[in-house]
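> This is the structure I have questions about; it appears just below.
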Amino acid sequence: MRKRTEPVALEHERCAAAGSSSSGSAAAALDADCRLKQNLRLTGPAAAEPRCAADAGMKRALGRRKGVWLRLRKILFCVLGLYIAIPFLIKLCPGIQAKLIFLNFVRVPYFIDLKKPQDQGLNHTCNYYLQPEEDVTIGVWHTVPAVWWKNAQGKDQMWYEDALASSHPIILYLHGNAGTRGGDHRVELYKVLSSLGYHVVTFDYRGWGDSVGTPSERGMTYDALHVFDWIKARSGDNPVYIWGHSLGTGVATNLVRRLCERETPPDALILESPFTNIREEAKSHPFSVIYRYFPGFDWFFLDPITSNGIKFANDENVKHISCPLLILHAEDDPVVPFQLGRKLYSIAAPARSFRDFKVQFVPFHSDLGYRHKYIYKSPELPRILRPQQGPGSSPDPSMWSELV
């Protein structure tokens, strides 16, 4: 019995030892697992923080890029919408195009008193007001020849009117769009012409400056006709020349055509920076560049001009003008392209109405930098306007052909 039980006891002891050994290893494994988890809890967040920060920074950068792109898209759509809307707006409201042609609401320089031309350095100039029609009043400046500036001090309107009957020739100056008769480049031209012995009479069309009325081509032409007749009623046999600049060339040719038709032409017509007609000028103007190739450009932009009764057809008018013609144009003119002035000359030169009169075209090289409104700076201008005669002699348009 003892021999049988000994192996059993030994077996039990071995099993107990094995059980004890296995439970110890299990506990050890469990402890190792716990330590690993604890280590992961301690080290995990610290290692993950840089990765999370990088992800957050990338998301913010992408968000900013997306925001900028969305804003750019909005701006682009707004600009595109405005670009498309403007032609339709002008077509539906043709009065807008008339405003853009005349620009009479642009008063430059600002804050000048047109009643006081002496503030602009014209101390031998008188300010008048004439009334071409009922409810229309236009402001006029009359600058006497510079040789009279001392005599002109303190004189009244009557003295200036009587002075028109002197032996000095007279220039009626018709300015372009925008600004007033007190514009800087215009004042400088008055000074040059006055120094050459001319009376200079200029005015603001109805709706410009301090003149009262609503602008229109017909109204502007009638204002010019009224001032011309006012001058002729006081000037006797003194020569009267008409000088138009830019848009004023359209008024000038309208006026002179009418004067020739009634057989009272001026002694000469001078066109500075002229165009052929308002449609061609509008198409060539720098403001039209962004729409020049827009589908239906003529229908959207040019037809509304015509529907407002605005033509300023210089190319047609010159065919009916019978007096000497002088055209001045700078090659670097950015507003009225030089080729339009050259084209007008090519139309006028062979016209039958000019067969007994001189037609002269004087270009100014682009290197001179006279552009659209600085031809008055040319030292050659006195030679163009005054013949090679004695001092004080009246300009003779037939002498224009001497200078090219």
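Letters for chains follow the order of the structure tokens (A, B, ...), residue numbers begin at 1 for each chain, and ligand numbers begin at 1 in the order shown.
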Can you pull out every residue within 10 Å of A:Leu271, counting only C-alpha atoms, but drop anything in the same chain fewer than 5 positions away, and send it as a PyMOL selection string?
chain A and resi 174+242-246+248-250+252-253+325-329+341+361
> Please dump the current selection as a PDB file, in the first residue's frame; keep N, CA, C and O atoms.

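Result saved to part.pdb:
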```pdb
ATOM      1  N   LEU A 174     -13.305 127.168 -79.235  1.00  0.00           N
ATOM      2  CA  LEU A 174     -14.324 126.203 -78.822  1.00  0.00           C
ATOM      3  C   LEU A 174     -13.627 125.016 -78.164  1.00  0.00           C
ATOM      4  O   LEU A 174     -12.950 124.231 -78.829  1.00  0.00           O
ATOM      5  N   ILE A 242     -11.983 130.750 -86.291  1.00  0.00           N
ATOM      6  CA  ILE A 242     -12.620 129.813 -85.366  1.00  0.00           C
ATOM      7  C   ILE A 242     -11.647 128.668 -85.092  1.00  0.00           C
ATOM      8  O   ILE A 242     -11.150 128.034 -86.028  1.00  0.00           O
ATOM      9  N   TRP A 243     -11.388 128.424 -83.818  1.00  0.00           N
ATOM     10  CA  TRP A 243     -10.440 127.396 -83.377  1.00  0.00           C
ATOM     11  C   TRP A 243     -11.203 126.381 -82.528  1.00  0.00           C
ATOM     12  O   TRP A 243     -11.756 126.725 -81.488  1.00  0.00           O
ATOM     13  N   GLY A 244     -11.219 125.129 -82.956  1.00  0.00           N
ATOM     14  CA  GLY A 244     -11.859 124.072 -82.180  1.00  0.00           C
ATOM     15  C   GLY A 244     -10.853 123.032 -81.746  1.00  0.00           C
ATOM     16  O   GLY A 244      -9.933 122.695 -82.499  1.00  0.00           O
ATOM     17  N   HIS A 245     -11.016 122.535 -80.536  1.00  0.00           N
ATOM     18  CA  HIS A 245     -10.110 121.508 -80.013  1.00  0.00           C
ATOM     19  C   HIS A 245     -10.909 120.281 -79.597  1.00  0.00           C
ATOM     20  O   HIS A 245     -11.926 120.397 -78.914  1.00  0.00           O
ATOM     21  N   SER A 246     -10.455 119.099 -80.044  1.00  0.00           N
ATOM     22  CA  SER A 246     -11.053 117.817 -79.635  1.00  0.00           C
ATOM     23  C   SER A 246     -12.548 117.804 -79.948  1.00  0.00           C
ATOM     24  O   SER A 246     -12.930 117.965 -81.107  1.00  0.00           O
ATOM     25  N   GLY A 248     -14.546 120.027 -79.452  1.00  0.00           N
ATOM     26  CA  GLY A 248     -14.850 121.350 -79.999  1.00  0.00           C
ATOM     27  C   GLY A 248     -14.659 121.439 -81.496  1.00  0.00           C
ATOM     28  O   GLY A 248     -15.212 122.346 -82.136  1.00  0.00           O
ATOM     29  N   THR A 249     -13.884 120.500 -82.102  1.00  0.00           N
ATOM     30  CA  THR A 249     -13.758 120.505 -83.564  1.00  0.00           C
ATOM     31  C   THR A 249     -15.096 120.129 -84.202  1.00  0.00           C
ATOM     32  O   THR A 249     -15.416 120.603 -85.294  1.00  0.00           O
ATOM     33  N   GLY A 250     -15.856 119.260 -83.515  1.00  0.00           N
ATOM     34  CA  GLY A 250     -17.179 118.909 -84.023  1.00  0.00           C
ATOM     35  C   GLY A 250     -18.113 120.103 -83.995  1.00  0.00           C
ATOM     36  O   GLY A 250     -18.894 120.329 -84.939  1.00  0.00           O
ATOM     37  N   ALA A 252     -17.063 123.190 -84.073  1.00  0.00           N
ATOM     38  CA  ALA A 252     -16.501 124.156 -85.024  1.00  0.00           C
ATOM     39  C   ALA A 252     -16.947 123.868 -86.456  1.00  0.00           C
ATOM     40  O   ALA A 252     -17.340 124.783 -87.187  1.00  0.00           O
ATOM     41  N   THR A 253     -16.872 122.605 -86.879  1.00  0.00           N
ATOM     42  CA  THR A 253     -17.268 122.299 -88.267  1.00  0.00           C
ATOM     43  C   THR A 253     -18.783 122.436 -88.445  1.00  0.00           C
ATOM     44  O   THR A 253     -19.233 122.846 -89.522  1.00  0.00           O
ATOM     45  N   LEU A 325      -8.451 126.164 -94.165  1.00  0.00           N
ATOM     46  CA  LEU A 325      -8.514 125.160 -93.099  1.00  0.00           C
ATOM     47  C   LEU A 325      -7.105 124.765 -92.672  1.00  0.00           C
ATOM     48  O   LEU A 325      -6.262 124.444 -93.505  1.00  0.00           O
ATOM     49  N   LEU A 326      -6.861 124.799 -91.372  1.00  0.00           N
ATOM     50  CA  LEU A 326      -5.593 124.359 -90.800  1.00  0.00           C
ATOM     51  C   LEU A 326      -5.877 123.266 -89.772  1.00  0.00           C
ATOM     52  O   LEU A 326      -6.707 123.456 -88.875  1.00  0.00           O
ATOM     53  N   ILE A 327      -5.210 122.126 -89.907  1.00  0.00           N
ATOM     54  CA  ILE A 327      -5.372 121.013 -88.975  1.00  0.00           C
ATOM     55  C   ILE A 327      -4.059 120.793 -88.238  1.00  0.00           C
ATOM     56  O   ILE A 327      -3.004 120.651 -88.860  1.00  0.00           O
ATOM     57  N   LEU A 328      -4.119 120.772 -86.908  1.00  0.00           N
ATOM     58  CA  LEU A 328      -2.964 120.528 -86.053  1.00  0.00           C
ATOM     59  C   LEU A 328      -3.196 119.232 -85.286  1.00  0.00           C
ATOM     60  O   LEU A 328      -4.258 119.057 -84.679  1.00  0.00           O
ATOM     61  N   HIS A 329      -2.199 118.330 -85.313  1.00  0.00           N
ATOM     62  CA  HIS A 329      -2.395 117.056 -84.605  1.00  0.00           C
ATOM     63  C   HIS A 329      -1.045 116.492 -84.168  1.00  0.00           C
ATOM     64  O   HIS A 329      -0.090 116.479 -84.953  1.00  0.00           O
ATOM     65  N   GLY A 341      -7.084 112.396 -87.520  1.00  0.00           N
ATOM     66  CA  GLY A 341      -6.808 113.734 -88.034  1.00  0.00           C
ATOM     67  C   GLY A 341      -6.273 113.687 -89.452  1.00  0.00           C
ATOM     68  O   GLY A 341      -6.659 114.494 -90.304  1.00  0.00           O
ATOM     69  N   PHE A 361      -2.193 120.561 -93.260  1.00  0.00           N
ATOM     70  CA  PHE A 361      -2.098 119.619 -92.139  1.00  0.00           C
ATOM     71  C   PHE A 361      -0.706 119.731 -91.532  1.00  0.00           C
ATOM     72  O   PHE A 361       0.303 119.545 -92.220  1.00  0.00           O
TER      73      PHE A 361
END
```
> Need to verify the contact set: A:Asn238, 8 Å, only C-alpha atoms, exclusion of same-chain residues closer than 2 positions in sequence. Can you return it as a ChimeraX atom specification?
/A:165-170,235-236,240
> Go ahead and dump the residues you just picked, C-alpha atoms, as a PDB file, in the first residue's frame.

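File selection_39.pdb, as written:
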```
ATOM      1  CA  ALA A 165     -13.326 146.831 -83.307  1.00  0.00           C
ATOM      2  CA  SER A 166      -9.554 147.431 -83.093  1.00  0.00           C
ATOM      3  CA  SER A 167      -7.190 146.288 -85.825  1.00  0.00           C
ATOM      4  CA  HIS A 168      -6.284 143.049 -84.032  1.00  0.00           C
ATOM      5  CA  PRO A 169      -7.719 139.755 -85.308  1.00  0.00           C
ATOM      6  CA  ILE A 170     -10.054 137.645 -83.191  1.00  0.00           C
ATOM      7  CA  SER A 235     -15.689 143.619 -84.686  1.00  0.00           C
ATOM      8  CA  GLY A 236     -16.405 145.426 -87.949  1.00  0.00           C
ATOM      9  CA  VAL A 240     -12.438 136.319 -87.129  1.00  0.00           C
TER      10      VAL A 240
END
```
> Per residue of stretch 119-166 of chain A within 6 Å of stretch 202-216 of chain A, which atom pair is closest and at what distance in Å (one decimal), using only C-alpha atoms, listed by chain and increasing number, as a tab-separated table?

```
residue	atom	partner	partner_atom	distance
A:Val136	CA	A:Gly213	CA	5.1
A:Thr137	CA	A:Val212	CA	5.0
A:Ile138	CA	A:Ser211	CA	4.3
A:Gly139	CA	A:Ser211	CA	5.4
A:Val140	CA	A:Phe203	CA	4.2
A:Trp141	CA	A:Thr202	CA	5.4
```
> For atom CA of A:Pro324 and atom CA of A:Ser366, quote the distance in Å rounded to one decimal.
26.1 Å
> Within 8 Å of A:Glu281, counting only C-alpha atoms, which residues show up once you throw out same-chain ones fewer than 5 positions away? Write them as a PyMOL selection string, please.
chain A and resi 275-276+336+340
> Can you tell me, as JSON, numbers by chain, which residues in stretch 149-379 of chain A count as helix (DSSP H, G or I) by DSSP?
{"A": [149, 150, 151, 152, 157, 158, 159, 160, 161, 162, 163, 184, 185, 186, 187, 188, 189, 190, 191, 192, 193, 194, 195, 217, 218, 219, 220, 221, 222, 223, 224, 225, 226, 227, 228, 229, 230, 231, 232, 233, 234, 235, 247, 248, 249, 250, 251, 252, 253, 254, 255, 256, 257, 258, 259, 260, 261, 278, 279, 280, 281, 282, 283, 284, 286, 287, 288, 289, 290, 291, 297, 298, 299, 300, 301, 302, 303, 304, 305, 306, 307, 314, 315, 316, 317, 318, 319, 320, 338, 339, 340, 341, 342, 343, 344, 345, 346, 347, 348, 352, 353, 354, 366, 367, 368, 375, 376, 377]}
> Would you kindly return, as a CSV table (one decimal) with all heavy atoms, in the first residue's frame, each protein, DNA or RNA residue with an atom no farther than 9 Å from any atom of stretch 86-96 of chain A, considering only C-alpha atoms and excluding same-chain residues fewer than 6 positions away?

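Saved result, part02.csv, follows:
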```
chain,number,residue,atom,x,y,z
A,291,TYR,N,-13.9,96.9,-74.5
A,291,TYR,CA,-15.1,96.4,-75.1
A,291,TYR,C,-15.1,96.4,-76.6
A,291,TYR,O,-16.0,96.0,-77.3
A,291,TYR,CB,-16.3,97.3,-74.7
A,291,TYR,CG,-16.8,97.1,-73.3
A,291,TYR,CD1,-16.6,98.0,-72.3
A,291,TYR,CD2,-17.6,96.0,-73.0
A,291,TYR,CE1,-17.0,97.8,-71.0
A,291,TYR,CE2,-18.1,95.8,-71.7
A,291,TYR,CZ,-17.8,96.7,-70.7
A,291,TYR,OH,-18.3,96.5,-69.5
A,297,PHE,N,-20.6,95.3,-80.3
A,297,PHE,CA,-20.1,96.6,-79.8
A,297,PHE,C,-20.8,97.8,-80.4
A,297,PHE,O,-21.2,98.7,-79.6
A,297,PHE,CB,-18.6,96.7,-80.1
A,297,PHE,CG,-18.0,98.0,-79.7
A,297,PHE,CD1,-17.5,98.2,-78.4
A,297,PHE,CD2,-17.9,99.0,-80.7
A,297,PHE,CE1,-16.9,99.4,-78.1
A,297,PHE,CE2,-17.3,100.2,-80.3
A,297,PHE,CZ,-16.8,100.4,-79.0
A,299,TRP,N,-23.8,98.0,-81.7
A,299,TRP,CA,-25.2,98.1,-81.3
A,299,TRP,C,-25.3,98.5,-79.8
A,299,TRP,O,-26.2,99.3,-79.5
A,299,TRP,CB,-25.9,96.7,-81.4
A,299,TRP,CG,-27.3,96.6,-81.2
A,299,TRP,CD1,-28.3,97.1,-82.0
A,299,TRP,CD2,-28.0,96.2,-80.0
A,299,TRP,NE1,-29.6,96.9,-81.4
A,299,TRP,CE2,-29.4,96.3,-80.2
A,299,TRP,CE3,-27.5,95.6,-78.8
A,299,TRP,CZ2,-30.3,95.9,-79.2
A,299,TRP,CZ3,-28.4,95.2,-77.8
A,299,TRP,CH2,-29.8,95.4,-78.0
A,300,PHE,N,-24.4,98.0,-79.0
A,300,PHE,CA,-24.5,98.4,-77.5
A,300,PHE,C,-24.0,99.8,-77.3
A,300,PHE,O,-24.6,100.5,-76.5
A,300,PHE,CB,-23.6,97.4,-76.7
A,300,PHE,CG,-24.3,96.1,-76.4
A,300,PHE,CD1,-23.9,94.9,-76.9
A,300,PHE,CD2,-25.4,96.1,-75.5
A,300,PHE,CE1,-24.5,93.7,-76.6
A,300,PHE,CE2,-26.0,94.9,-75.2
A,300,PHE,CZ,-25.6,93.7,-75.8
A,301,PHE,N,-22.9,100.2,-77.9
A,301,PHE,CA,-22.2,101.4,-77.5
A,301,PHE,C,-22.3,102.6,-78.5
A,301,PHE,O,-22.4,103.8,-78.1
A,301,PHE,CB,-20.7,101.2,-77.3
A,301,PHE,CG,-20.4,100.3,-76.1
A,301,PHE,CD1,-20.3,98.9,-76.2
A,301,PHE,CD2,-20.4,100.8,-74.8
A,301,PHE,CE1,-20.0,98.1,-75.1
A,301,PHE,CE2,-20.1,100.0,-73.7
A,301,PHE,CZ,-20.0,98.7,-73.9
A,303,ASP,N,-24.6,102.9,-81.3
A,303,ASP,CA,-26.0,103.2,-81.7
A,303,ASP,C,-26.7,104.1,-80.7
A,303,ASP,O,-27.4,105.1,-81.1
A,303,ASP,CB,-26.8,102.0,-81.9
A,303,ASP,CG,-26.4,101.2,-83.2
A,303,ASP,OD1,-25.6,101.8,-84.0
A,303,ASP,OD2,-26.9,100.1,-83.4
A,304,PRO,N,-26.4,103.9,-79.4
A,304,PRO,CA,-27.0,104.9,-78.4
A,304,PRO,C,-26.5,106.3,-78.6
A,304,PRO,O,-27.3,107.3,-78.3
A,304,PRO,CB,-26.6,104.3,-77.0
A,304,PRO,CG,-26.4,102.9,-77.3
A,304,PRO,CD,-25.9,102.8,-78.7
A,305,ILE,N,-25.3,106.5,-79.1
A,305,ILE,CA,-24.8,107.9,-79.3
A,305,ILE,C,-25.6,108.5,-80.4
A,305,ILE,O,-26.1,109.6,-80.3
A,305,ILE,CB,-23.3,107.8,-79.7
A,305,ILE,CG1,-22.5,107.2,-78.6
A,305,ILE,CG2,-22.8,109.2,-80.1
A,305,ILE,CD1,-21.0,107.1,-79.0
A,307,SER,N,-28.6,107.7,-81.4
A,307,SER,CA,-30.0,107.8,-80.9
A,307,SER,C,-30.2,109.1,-80.1
A,307,SER,O,-31.3,109.6,-79.9
A,307,SER,CB,-30.5,106.6,-80.2
A,307,SER,OG,-29.8,106.5,-78.9
A,308,ASN,N,-29.1,109.6,-79.5
A,308,ASN,CA,-29.1,110.8,-78.7
A,308,ASN,C,-29.0,112.0,-79.6
A,308,ASN,O,-28.9,113.2,-79.1
A,308,ASN,CB,-28.0,110.8,-77.7
A,308,ASN,CG,-28.4,110.1,-76.4
A,308,ASN,OD1,-29.3,110.6,-75.6
A,308,ASN,ND2,-27.9,109.0,-76.1
```
> Determine, counting only C-alpha atoms, which protein, DNA and RNA residues have an atom within 9 Å of an atom of A:Ser322; residues of the same chain fewer than 2 positions away are not included. Present the result as a VMD selection string.
chain A and resid 256 to 257 260 265 318 to 320 324 to 325 352 to 357
> Give me, as a ChimeraX atom specification, all polymer residues having an atom no more than 12 Å from stretch 116-122 of chain A, counting only C-alpha atoms and skipping those fewer than 2 positions away in the same chain.
/A:109,111-114,124-128,139-146,149,152-154,180-192,194-195,200,202
> Keeping only N, CA, C and O atoms, write the selected residues to a file as a short mmCIF file (atom, residue, chain, number, x, y, z; two decimals), in the first residue's frame.

```
data_model
loop_
_atom_site.label_atom_id
_atom_site.label_comp_id
_atom_site.auth_asym_id
_atom_site.auth_seq_id
_atom_site.Cartn_x
_atom_site.Cartn_y
_atom_site.Cartn_z
N PRO A 109 -10.05 122.69 -63.41
CA PRO A 109 -9.75 122.50 -61.99
C PRO A 109 -10.93 122.87 -61.10
O PRO A 109 -11.77 123.68 -61.49
N PHE A 111 -12.86 124.36 -57.67
CA PHE A 111 -12.79 125.48 -56.74
C PHE A 111 -12.20 126.75 -57.36
O PHE A 111 -11.50 127.50 -56.69
N ILE A 112 -12.45 126.97 -58.65
CA ILE A 112 -12.04 128.25 -59.22
C ILE A 112 -13.30 129.08 -59.48
O ILE A 112 -14.37 128.54 -59.78
N ASP A 113 -13.14 130.37 -59.36
CA ASP A 113 -14.25 131.29 -59.59
C ASP A 113 -14.16 131.79 -61.03
O ASP A 113 -13.28 132.59 -61.36
N LEU A 114 -15.06 131.30 -61.87
CA LEU A 114 -15.00 131.65 -63.29
C LEU A 114 -15.34 133.12 -63.53
O LEU A 114 -15.09 133.63 -64.63
N HIS A 124 -5.94 140.57 -68.15
CA HIS A 124 -6.46 141.41 -69.22
C HIS A 124 -7.64 140.70 -69.88
O HIS A 124 -7.79 140.69 -71.09
N THR A 125 -8.48 140.12 -69.02
CA THR A 125 -9.63 139.33 -69.47
C THR A 125 -10.87 139.77 -68.73
O THR A 125 -10.83 140.06 -67.53
N CYS A 126 -11.99 139.81 -69.45
CA CYS A 126 -13.27 140.19 -68.86
C CYS A 126 -14.24 139.01 -68.96
O CYS A 126 -14.24 138.27 -69.95
N ASN A 127 -15.04 138.82 -67.92
CA ASN A 127 -16.04 137.76 -67.89
C ASN A 127 -17.41 138.35 -68.25
O ASN A 127 -17.84 139.36 -67.68
N TYR A 128 -18.08 137.73 -69.24
CA TYR A 128 -19.42 138.15 -69.63
C TYR A 128 -20.40 137.02 -69.40
O TYR A 128 -20.01 135.86 -69.22
N GLY A 139 -21.39 131.49 -69.93
CA GLY A 139 -20.31 132.32 -69.45
C GLY A 139 -19.23 132.48 -70.50
O GLY A 139 -18.82 131.50 -71.14
N VAL A 140 -18.76 133.72 -70.69
CA VAL A 140 -17.81 134.05 -71.76
C VAL A 140 -16.60 134.77 -71.17
O VAL A 140 -16.75 135.60 -70.26
N TRP A 141 -15.41 134.43 -71.67
CA TRP A 141 -14.19 135.19 -71.35
C TRP A 141 -13.69 135.86 -72.63
O TRP A 141 -13.62 135.24 -73.69
N HIS A 142 -13.31 137.12 -72.47
CA HIS A 142 -12.71 137.86 -73.59
C HIS A 142 -11.34 138.35 -73.13
O HIS A 142 -11.24 139.18 -72.21
N THR A 143 -10.29 137.83 -73.76
CA THR A 143 -8.92 138.24 -73.46
C THR A 143 -8.42 139.13 -74.59
O THR A 143 -8.44 138.72 -75.76
N VAL A 144 -7.99 140.33 -74.25
CA VAL A 144 -7.50 141.25 -75.29
C VAL A 144 -6.03 140.94 -75.57
O VAL A 144 -5.37 140.22 -74.80
N PRO A 145 -5.48 141.45 -76.68
CA PRO A 145 -4.06 141.23 -76.97
C PRO A 145 -3.17 141.67 -75.80
O PRO A 145 -3.47 142.64 -75.10
N ALA A 146 -2.09 140.95 -75.60
CA ALA A 146 -1.22 141.19 -74.44
C ALA A 146 -0.66 142.61 -74.42
O ALA A 146 -0.38 143.15 -73.34
N TRP A 149 -2.52 144.96 -72.04
CA TRP A 149 -2.86 144.52 -70.70
C TRP A 149 -2.87 145.67 -69.69
O TRP A 149 -3.69 145.69 -68.77
N ALA A 152 -6.05 147.60 -70.05
CA ALA A 152 -7.24 146.83 -69.70
C ALA A 152 -7.54 146.81 -68.20
O ALA A 152 -8.62 146.41 -67.79
N GLN A 153 -6.57 147.26 -67.38
CA GLN A 153 -6.76 147.18 -65.94
C GLN A 153 -7.92 148.06 -65.49
O GLN A 153 -7.96 149.26 -65.76
N GLY A 154 -8.87 147.42 -64.80
CA GLY A 154 -10.00 148.15 -64.23
C GLY A 154 -11.09 148.52 -65.22
O GLY A 154 -12.06 149.21 -64.85
N THR A 180 -13.76 123.27 -67.91
CA THR A 180 -14.42 124.55 -68.18
C THR A 180 -13.50 125.42 -69.02
O THR A 180 -12.41 125.02 -69.39
N ARG A 181 -13.95 126.65 -69.27
CA ARG A 181 -13.10 127.60 -70.01
C ARG A 181 -11.86 127.98 -69.21
O ARG A 181 -10.94 128.60 -69.76
N GLY A 182 -11.85 127.61 -67.92
CA GLY A 182 -10.71 127.91 -67.07
C GLY A 182 -9.73 126.76 -66.93
O GLY A 182 -8.87 126.79 -66.05
N GLY A 183 -9.83 125.73 -67.79
CA GLY A 183 -8.90 124.61 -67.74
C GLY A 183 -7.46 125.07 -67.95
O GLY A 183 -7.19 126.00 -68.72
N ASP A 184 -6.52 124.41 -67.29
CA ASP A 184 -5.12 124.85 -67.30
C ASP A 184 -4.54 124.98 -68.70
O ASP A 184 -3.94 126.00 -69.06
N HIS A 185 -4.70 123.91 -69.52
CA HIS A 185 -4.10 123.97 -70.86
C HIS A 185 -4.81 124.98 -71.75
O HIS A 185 -4.19 125.56 -72.65
N ARG A 186 -6.08 125.23 -71.47
CA ARG A 186 -6.82 126.23 -72.25
C ARG A 186 -6.33 127.64 -71.90
O ARG A 186 -6.11 128.47 -72.79
N VAL A 187 -6.15 127.89 -70.62
CA VAL A 187 -5.65 129.19 -70.19
C VAL A 187 -4.27 129.47 -70.80
O VAL A 187 -3.98 130.59 -71.25
N GLU A 188 -3.42 128.44 -70.83
CA GLU A 188 -2.09 128.63 -71.41
C GLU A 188 -2.16 128.96 -72.89
O GLU A 188 -1.38 129.76 -73.40
N LEU A 189 -3.12 128.36 -73.60
CA LEU A 189 -3.29 128.68 -75.02
C LEU A 189 -3.77 130.11 -75.19
O LEU A 189 -3.29 130.83 -76.09
N TYR A 190 -4.71 130.57 -74.34
CA TYR A 190 -5.16 131.96 -74.44
C TYR A 190 -3.98 132.92 -74.30
O TYR A 190 -3.89 133.92 -75.01
N LYS A 191 -3.08 132.59 -73.37
CA LYS A 191 -1.92 133.46 -73.14
C LYS A 191 -1.02 133.51 -74.38
O LYS A 191 -0.52 134.59 -74.76
N VAL A 192 -0.82 132.35 -75.00
CA VAL A 192 0.02 132.30 -76.20
C VAL A 192 -0.61 133.12 -77.33
O VAL A 192 0.05 133.95 -77.97
N SER A 194 -2.86 135.48 -77.10
CA SER A 194 -2.89 136.90 -76.73
C SER A 194 -1.53 137.54 -76.97
O SER A 194 -1.44 138.67 -77.46
N SER A 195 -0.46 136.81 -76.67
CA SER A 195 0.89 137.35 -76.88
C SER A 195 1.19 137.53 -78.35
O SER A 195 2.08 138.32 -78.72
N VAL A 200 -8.93 136.84 -77.84
CA VAL A 200 -9.41 135.47 -77.68
C VAL A 200 -10.76 135.51 -76.95
O VAL A 200 -10.84 136.01 -75.83
N THR A 202 -13.73 133.02 -75.66
CA THR A 202 -14.07 131.62 -75.40
C THR A 202 -15.26 131.58 -74.45
O THR A 202 -15.56 132.57 -73.77
#
```
> Looking only at the backbone, which of the residues in stretch 74-170 of chain A does DSSP tag as strand (DSSP E or B), as an NGL selection string?
:A and (125-133 or 136-143 or 170)
> Can you spit out the residues from that selection as a PDB file, in the first residue's frame, using N, CA and C atoms?

```
ATOM      1  N   THR A 125      -8.475 140.115 -69.022  1.00  0.00           N
ATOM      2  CA  THR A 125      -9.628 139.327 -69.468  1.00  0.00           C
ATOM      3  C   THR A 125     -10.875 139.769 -68.729  1.00  0.00           C
ATOM      4  N   CYS A 126     -11.985 139.811 -69.448  1.00  0.00           N
ATOM      5  CA  CYS A 126     -13.272 140.186 -68.858  1.00  0.00           C
ATOM      6  C   CYS A 126     -14.244 139.007 -68.956  1.00  0.00           C
ATOM      7  N   ASN A 127     -15.036 138.824 -67.917  1.00  0.00           N
ATOM      8  CA  ASN A 127     -16.040 137.761 -67.889  1.00  0.00           C
ATOM      9  C   ASN A 127     -17.406 138.346 -68.252  1.00  0.00           C
ATOM     10  N   TYR A 128     -18.079 137.732 -69.237  1.00  0.00           N
ATOM     11  CA  TYR A 128     -19.420 138.153 -69.631  1.00  0.00           C
ATOM     12  C   TYR A 128     -20.401 137.017 -69.402  1.00  0.00           C
ATOM     13  N   TYR A 129     -21.688 137.354 -69.546  1.00  0.00           N
ATOM     14  CA  TYR A 129     -22.730 136.331 -69.635  1.00  0.00           C
ATOM     15  C   TYR A 129     -23.663 136.710 -70.772  1.00  0.00           C
ATOM     16  N   LEU A 130     -23.862 135.755 -71.704  1.00  0.00           N
ATOM     17  CA  LEU A 130     -24.754 135.968 -72.840  1.00  0.00           C
ATOM     18  C   LEU A 130     -25.919 134.990 -72.755  1.00  0.00           C
ATOM     19  N   GLN A 131     -27.000 135.317 -73.462  1.00  0.00           N
ATOM     20  CA  GLN A 131     -28.205 134.473 -73.412  1.00  0.00           C
ATOM     21  C   GLN A 131     -28.612 134.088 -74.839  1.00  0.00           C
ATOM     22  N   PRO A 132     -28.143 132.932 -75.316  1.00  0.00           N
ATOM     23  CA  PRO A 132     -28.491 132.513 -76.682  1.00  0.00           C
ATOM     24  C   PRO A 132     -29.976 132.208 -76.852  1.00  0.00           C
ATOM     25  N   GLU A 133     -30.583 131.631 -75.829  1.00  0.00           N
ATOM     26  CA  GLU A 133     -31.991 131.256 -75.876  1.00  0.00           C
ATOM     27  C   GLU A 133     -32.601 131.514 -74.505  1.00  0.00           C
ATOM     28  N   VAL A 136     -31.369 129.801 -71.157  1.00  0.00           N
ATOM     29  CA  VAL A 136     -29.991 129.370 -71.409  1.00  0.00           C
ATOM     30  C   VAL A 136     -29.068 130.579 -71.235  1.00  0.00           C
ATOM     31  N   THR A 137     -28.071 130.424 -70.367  1.00  0.00           N
ATOM     32  CA  THR A 137     -27.081 131.478 -70.141  1.00  0.00           C
ATOM     33  C   THR A 137     -25.694 130.864 -70.242  1.00  0.00           C
ATOM     34  N   ILE A 138     -24.800 131.534 -70.958  1.00  0.00           N
ATOM     35  CA  ILE A 138     -23.447 130.993 -71.113  1.00  0.00           C
ATOM     36  C   ILE A 138     -22.423 132.011 -70.622  1.00  0.00           C
ATOM     37  N   GLY A 139     -21.392 131.486 -69.930  1.00  0.00           N
ATOM     38  CA  GLY A 139     -20.307 132.324 -69.446  1.00  0.00           C
ATOM     39  C   GLY A 139     -19.230 132.478 -70.503  1.00  0.00           C
ATOM     40  N   VAL A 140     -18.761 133.722 -70.690  1.00  0.00           N
ATOM     41  CA  VAL A 140     -17.814 134.049 -71.761  1.00  0.00           C
ATOM     42  C   VAL A 140     -16.605 134.767 -71.171  1.00  0.00           C
ATOM     43  N   TRP A 141     -15.408 134.433 -71.666  1.00  0.00           N
ATOM     44  CA  TRP A 141     -14.189 135.188 -71.353  1.00  0.00           C
ATOM     45  C   TRP A 141     -13.685 135.861 -72.627  1.00  0.00           C
ATOM     46  N   HIS A 142     -13.309 137.116 -72.472  1.00  0.00           N
ATOM     47  CA  HIS A 142     -12.710 137.855 -73.587  1.00  0.00           C
ATOM     48  C   HIS A 142     -11.339 138.352 -73.127  1.00  0.00           C
ATOM     49  N   THR A 143     -10.291 137.831 -73.755  1.00  0.00           N
ATOM     50  CA  THR A 143      -8.916 138.235 -73.464  1.00  0.00           C
ATOM     51  C   THR A 143      -8.424 139.127 -74.593  1.00  0.00           C
ATOM     52  N   ILE A 170      -9.305 138.277 -84.296  1.00  0.00           N
ATOM     53  CA  ILE A 170     -10.054 137.645 -83.191  1.00  0.00           C
ATOM     54  C   ILE A 170     -10.113 136.145 -83.415  1.00  0.00           C
TER      55      ILE A 170
END
```
